[in-house]
Amino acid sequence: MLLWSAVGLKAQQSSPAVPASSYVRVDGVTYGQGKSAPLLADMYVPKDPGLHPAVVYIHGGGWTGGSRTGWSRLIVPFAEHGYVGMAIDYDLSPDVRFPIALEECKEAVRWLRAHAIQYHVDPNRIAVAGGSAGGELAALVALTNGDNRYEVGAFTNFSSSVKAAVLYSADLDLTKFSDTDDAILPYLGGSCSAQHALCREASPQFHLHGDLPPIYIGHGNADGDVPYSQFTSFVDAYRKANGAITPFTAEGGPHSYAADPRWFQANMDAVLSFLRKNL
């Protein structure tokens with residue numbers, strides 16, 4: 001699986017700098033304690049007065065790599081439009097296995113609610129976003145709203161529920177990958193065939209029940225890392241489960257389509273429209 005967040009960082013470095021006049025960036029804020037080090041986040045806070053909607057961003061990297069810093073290019077336009085951004089790191093495999101990363105992502109949402117006043121966040125308007133493996137985690141954060149099994153860590157007196165989710169090139173059905181996949185094996189601690197129930201639990205495709213939050217989902221139909229069929233299957237199943245879903249197809253787009261100049265603006269405009277309606 002491609003290190004999706006690293007591709008985003010490369011695109012960021014080759015693009016013109018975006019003026020930072022309308023937001024403040026605070027790097028390296030501790031939101032929790034990981035297996036061996038603090039869990040860090042970068043905060044993007046609009047300067048406009050009042051409370052703002054917020055998005056927690058989860059990086060990709062096959063659950064074994066990547067960093068919060070690769071999200072900057074995709075976060076800045078939303079900070080410029082009045083959204084607080086929180087780009088997080090989480091513990092990576094093989095040092096930890098599912099569901100540790102999911103628990104940490106949900107802790108980040110709780111931390112943000114606990115610090116809502118400090119970062120000018122409307123606690124009732126929080127969404128989650130993720131790309132590739134981060135898309136799997138973002139989807140699971142949203143699809144486990146109210147599920148106390150994953151409420152581990154600090155600030156458990158605050159909710160980890162989110163109002164909406166944004167997914168880019170997400171891993172949605174881990175059962176469809178090879179039993180020798182070099183990302184899934186360390187993430188789950190074994191093959192999907194050997195631990196089928198755990199593999200399904202880590203797959204958003206099998207969490208489509210109950211009160212489903214609105215989801216924006218984008219995917220390139222030339223994705224060589226996560227098959228486009230996962231996108232279409234998820235969209236169809238979400239609609240059948242009476243969930244509100246907004247699909248975006250990047251025609252000819254690769255796994256990293258969202259950071260690619262050919263689709264960047266159209267994708268960003270579509271996400272902004274989705275967030276204005278649902279957050």
# chains A, B, ... in the order shown; residues from 1 in each chain; ligands from 1
call {"tool": "select_by_dssp", "arguments": {"residues": "range 73-197 of chain A", "states": "alpha helix (DSSP H)", "output": "ChimeraX atom specification"}}
result
/A:73-80,100-114,133-143,184-188,196-197
call {"tool": "residues_around", "arguments": {"residues": "Val45 in chain A", "least_positions_apart": "2", "cutoff": "10 Å", "atoms": "only C-alpha atoms", "output": "list of chain:residue names"}}
result
A:Ser22, A:Tyr23, A:Val24, A:Arg25, A:Val26, A:Asp42, A:Met43, A:Lys47, A:Asp48, A:His52, A:Ala54, A:Val76, A:Ala79, A:Glu80, A:Gly82, A:Tyr83, A:Val84, A:Gly85, A:Met86, A:Tyr119, A:His120, A:Val121
call {"tool": "closest_residue", "arguments": {"among": "A:Ser233, A:Gln33, A:Ser21, A:Ser132", "to": "Tyr57 in chain A", "atoms": "only C-alpha atoms"}}
result
A:Ser132
call {"tool": "residues_around", "arguments": {"residues": "Pro38 in chain A", "least_positions_apart": "4", "cutoff": "10 Å", "atoms": "only C-alpha atoms", "output": "compact mmCIF listing (two decimals) with N, CA and C atoms, in the first residue's frame"}}
result
# COMPACT_ATOMS: atom_id res chain seq x y z
N GLY A 28 2.82 20.35 17.12
CA GLY A 28 3.33 19.49 18.18
C GLY A 28 2.59 19.57 19.50
N VAL A 29 1.28 19.73 19.46
CA VAL A 29 0.47 19.75 20.68
C VAL A 29 0.22 18.30 21.13
N THR A 30 0.44 18.01 22.39
CA THR A 30 0.21 16.66 22.90
C THR A 30 -1.28 16.45 23.18
N TYR A 31 -1.85 15.40 22.58
CA TYR A 31 -3.26 15.10 22.84
C TYR A 31 -3.45 13.80 23.62
N GLY A 32 -2.38 13.02 23.78
CA GLY A 32 -2.51 11.76 24.50
C GLY A 32 -1.14 11.12 24.71
N GLN A 33 -1.14 9.96 25.32
CA GLN A 33 0.09 9.21 25.55
C GLN A 33 0.04 7.91 24.75
N GLY A 34 1.01 7.75 23.87
CA GLY A 34 1.08 6.54 23.07
C GLY A 34 1.85 5.44 23.77
N ASP A 89 -0.96 12.41 14.82
CA ASP A 89 -0.19 11.18 14.72
C ASP A 89 -0.87 10.12 15.60
N TYR A 90 -0.54 8.86 15.34
CA TYR A 90 -1.04 7.75 16.15
C TYR A 90 0.01 6.66 16.12
N ASP A 91 -0.05 5.74 17.05
CA ASP A 91 0.94 4.66 17.09
C ASP A 91 0.82 3.77 15.86
call {"tool": "closest_residue", "arguments": {"among": "A:Ala154, A:Ala165, A:Leu275, A:Ala37", "to": "Leu92 in chain A", "atoms": "only C-alpha atoms"}}
result
A:Ala37
call {"tool": "closest_atom_pairs", "arguments": {"of": "range 24-78 of chain A", "to": "range 179-194 of chain A", "cutoff": "8 Å", "atoms": "only C-alpha atoms", "output": "JSON lines"}}
result
{"residue": "A:Gly62", "atom": "CA", "partner": "A:Ala183", "partner_atom": "CA", "distance": 5.3}
{"residue": "A:Trp63", "atom": "CA", "partner": "A:Tyr187", "partner_atom": "CA", "distance": 6.4}
{"residue": "A:Thr64", "atom": "CA", "partner": "A:Ala183", "partner_atom": "CA", "distance": 6.7}
call {"tool": "write_last_selection", "arguments": {"atoms": "N, CA and C atoms", "output": "compact mmCIF listing (two decimals), in the first residue's frame"}}
result
# COMPACT_ATOMS: atom_id res chain seq x y z
N GLY A 62 -0.37 3.00 5.26
CA GLY A 62 -0.46 1.55 5.46
C GLY A 62 -0.42 1.13 6.91
N TRP A 63 -0.79 2.01 7.84
CA TRP A 63 -0.79 1.76 9.29
C TRP A 63 0.62 1.54 9.85
N THR A 64 1.63 1.58 8.98
CA THR A 64 3.01 1.33 9.42
C THR A 64 3.91 2.55 9.20
call {"tool": "closest_residue", "arguments": {"among": "A:Leu172, A:Ala250, A:Ala164, A:Val271", "to": "Phe231 in chain A", "atoms": "only C-alpha atoms"}}
result
A:Leu172
call {"tool": "closest_residue", "arguments": {"among": "A:Gly253, A:Gly146, A:Pro227, A:Gly60", "to": "Ala129 in chain A", "atoms": "only C-alpha atoms"}}
result
A:Gly60
call {"tool": "residues_around", "arguments": {"residues": "range 243-248 of chain A", "least_positions_apart": "4", "cutoff": "12 Å", "atoms": "only C-alpha atoms", "output": "MDAnalysis selection string"}}
result
chainID A and resid 143 163:169 207:221 228 231:239 253 257:258 263:264 266:275 277:278
